[in-house]
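Peer 1: Below is the structure I would like to discuss, written out as structure tokens.
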Amino acid sequence: MILLTCPNCGARNVSEFRYGGETNKRPDVNTATPHDWAEYLYMRRNPNGMIREWWYHRAGCGSWFIAERHTKTHDIIATYLWSPEAAK
Amino acid sequence: MTQLIRQGLNGSKPQQRMWRVHDMKDSYDVVIIGGGAHGLAAAYYLAKHHGITNVAVLEKRYIGHGGSGRNTTIIRSNYLTPEGVLFYDESVKLYQELSQDLNFNVMFSQRGHLTLAHTDSAVRTMRWRAEVNQLQGVDSRLVYPDELAKICPQLDLSDHPRYPIMGALFHPPGGIIRHDAVVWGYARGADERGVHIHQMTEVTGIDVQQGKVAGVQTDRGYIKTGVVLNATAGWCTLIADMAGVRLPITTHPLQACVSEPLKPFLDVVIVSGSLHVYVSQSDRGELVMGASVDPYQSYSMDSTLDFMEGLSGHVLELLPMLSKVKILRQWAGVCDMTPDYSPVMGLTPVEGFLVDVGWGTWGFKASPVSGKRMAEMIATNKTPDLIAPFRLSRFYEDALVGEKGAASVGH
């Protein structure tokens, strides 16, 4: 992977970014058991295929955003800023 | 040796293959997925120590195609946690006897291992590691530049580099080995005792009935079995998914490279956690060099220029005389990284589905001990004390084993 498109700054070298890992649904704080929290903290899907993941543009605008990427071919389908709609 | 001389004189070629090709049976007592050093070692010790020989090792490609053929062959036991030190120390001891045990020269060279410290905090961590190591009976101590100059005069110990060397953790039993020989030796030993090694056989599904393993579906047919061992390193979550087991693992590529062959000049293994680099000279004279894992999850085994630039800069900080040396080749392997840099071994919520995974950047050096202990676990149905700290359930019990002595951890 060489280029990543920041929603604010455009296509930049991937070394400008910090990886934030795959997106993960946070459990409901009112009902979650310790087991749910352990799953949320540690267990990962780790697919060989499309993944939704967090990136941070540390050498640019400093925003966190989401990328949809293929983990084998590194094709990036979309990058966008987080929003309540995007999280669903 | 006598065989070699006889064949050399009469011009014949060896008749016997190191392992045979078998037809796949309908059922096996144990199916091991993954024909790397870990899977083959488990098969070998199952047959040798426990007399369980109705075992199949399934490998998607050829044996040793994954991490076993892509690592940088460093063997050591100077870890940080007592659990880790005890575990890897047993592995070093098994490696010392391995050539004898397998009747196959694995070329283990215990040449000494230096972990360099470039900052005060790294020196502190090295002192901590040395104390933990010594308590467990492992030869390991902190050395300062005056002594370091005698152990490894090739290093640039001046104050010219950006991060001058302030000391090092010296681990005399550490060394390098011929990794292919380990894979082949275990494969031959297992095959001799009746284990079936099936190469080019891909697992496509795991049959779980009422929470128990019933069989394995492959692209060459269905196998009935009650015990499946997942020893597939970078691809382990894909196999675990088939059994419905979740793992705390993400897959990251790790890149390495070798230089053109040079006359022997470097007789220790040099590692720097701060610069994320390790260098050793192989018996062929090539410098074998690696760095830390790529920062993002990926199953790709492509090489990147980014890695080459970063690594070269760091190696030249340590060994500036290499500035004119050419890189011969570069490759990548995929590593199954865990959150605490320790492996995941043993039982899962599915009965009969065992894991020997989470081997990240520290797996090859553990092949003999994990094979031996997983074999013991399968044969006795009990978790050996040595691997109990690495159980999968530790993540639900808040009992992680934070192994900051792993190769990919900076200090």
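Order determines the names: the first chain of the structure tokens is A, the second B, and so forth; residues in each chain are numbered 1 upward, and ligands are numbered 1 upward as they are shown.
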Find the residues of chain B in contact range of chain A, meaning any atom within 6 Å when counting only C-alpha atoms, and list them as a PDB file with C-alpha atoms, in the first residue's frame.
Peer 2:
ATOM      1  CA  LEU B 247      -9.296 -15.139  18.450  1.00  0.00           C
ATOM      2  CA  PRO B 248      -7.616 -11.947  19.714  1.00  0.00           C
ATOM      3  CA  THR B 250      -4.696  -9.563  13.754  1.00  0.00           C
ATOM      4  CA  TYR B 296      -1.563  -2.193   9.226  1.00  0.00           C
ATOM      5  CA  SER B 298      -2.826  -7.334   5.829  1.00  0.00           C
ATOM      6  CA  TYR B 299      -2.496 -10.787   4.273  1.00  0.00           C
ATOM      7  CA  SER B 300      -0.323  -9.453   1.457  1.00  0.00           C
ATOM      8  CA  TYR B 396     -11.560 -13.064  29.589  1.00  0.00           C
TER       9      TYR B 396
END
Peer 1: As a PyMOL selection string, please: every residue in stretch 110-148 of chain B that a backbone DSSP assignment puts in strand (DSSP E).
Peer 2: chain B and resi 113-117+141-143
Peer 1: Please dump the current selection as a compact mmCIF listing (two decimals), in the first residue's frame; keep C-alpha atoms.
Peer 2:
# COMPACT_ATOMS: atom_id res chain seq x y z
CA HIS B 113 22.88 -12.49 20.98
CA LEU B 114 23.09 -8.75 21.69
CA THR B 115 20.02 -6.58 22.29
CA LEU B 116 21.23 -3.00 22.06
CA ALA B 117 19.98 -0.16 24.23
CA ARG B 141 23.60 -10.02 31.44
CA LEU B 142 23.88 -6.30 30.82
CA VAL B 143 27.11 -5.14 29.16
Peer 1: DSSP on the backbone: which residues in chain A end up as helix (DSSP H, G or I)? Give the answer as a list in words.
Peer 2: Val14, Ser15, Glu16, Pro34, His35, Asp36, Trp37, Ala38, Glu39, Tyr40, Leu41 and Tyr42 of chain A
Peer 1: For the selection you just gave me, I'd like the residues written to a file as a PDB file, in the first residue's frame, keeping C-alpha atoms.
Peer 2:
ATOM      1  CA  VAL A  14       0.668   6.056   3.711  1.00  0.00           C
ATOM      2  CA  SER A  15       3.640   6.755   5.996  1.00  0.00           C
ATOM      3  CA  GLU A  16       1.870  10.011   6.970  1.00  0.00           C
ATOM      4  CA  PRO A  34     -17.235  -8.437  31.512  1.00  0.00           C
ATOM      5  CA  HIS A  35     -17.265 -11.085  28.776  1.00  0.00           C
ATOM      6  CA  ASP A  36     -18.713  -8.550  26.297  1.00  0.00           C
ATOM      7  CA  TRP A  37     -16.015  -6.036  27.212  1.00  0.00           C
ATOM      8  CA  ALA A  38     -13.259  -8.621  26.739  1.00  0.00           C
ATOM      9  CA  GLU A  39     -14.685  -9.459  23.303  1.00  0.00           C
ATOM     10  CA  TYR A  40     -14.820  -5.768  22.415  1.00  0.00           C
ATOM     11  CA  LEU A  41     -11.287  -5.088  23.617  1.00  0.00           C
ATOM     12  CA  TYR A  42      -9.433  -8.104  22.264  1.00  0.00           C
TER      13      TYR A  42
END
Peer 1: Tell me, as a PyMOL selection string, which residues lie within 10 Å of B:Leu229, counting only C-alpha atoms; anything in the same chain fewer than 5 positions away does not count.
Peer 2: chain B and resi 30-34+39+42+57+345-347+352-357+374-375+378
Peer 1: Do you know which residues are at most 12 Å from B:Gly273 counting only C-alpha atoms, after dropping those on the same chain fewer than 3 positions away, and could you put them as a VMD selection string?
Peer 2: chain B and resid 114 to 119 121 to 123 125 to 126 163 165 168 to 169 270 276 to 279 290 to 292 314 404 to 411
Peer 1: Closest to B:Gly36 among B:Thr304, B:Asn230, B:Thr380, B:Gln297, using only C-alpha atoms?
Peer 2: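 Residue with the minimum atom-to-atom distance to B:Gly36: B:Asn230.
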Peer 1: What separation in Å, quoted to one decimal, exists between atom CA of B:Val344 and atom CA of B:Pro253?
Peer 2: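 Separation between atom CA of B:Val344 and atom CA of B:Pro253: 18.8 Å.
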Peer 1: Between B:Val183, B:Val268, B:Leu318, B:Asp398, which one has atoms that come closest to B:Leu98, using only C-alpha atoms?
Peer 2: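 Comparing B:Val183, B:Val268, B:Leu318, B:Asp398 against B:Leu98, the winner is B:Val183.
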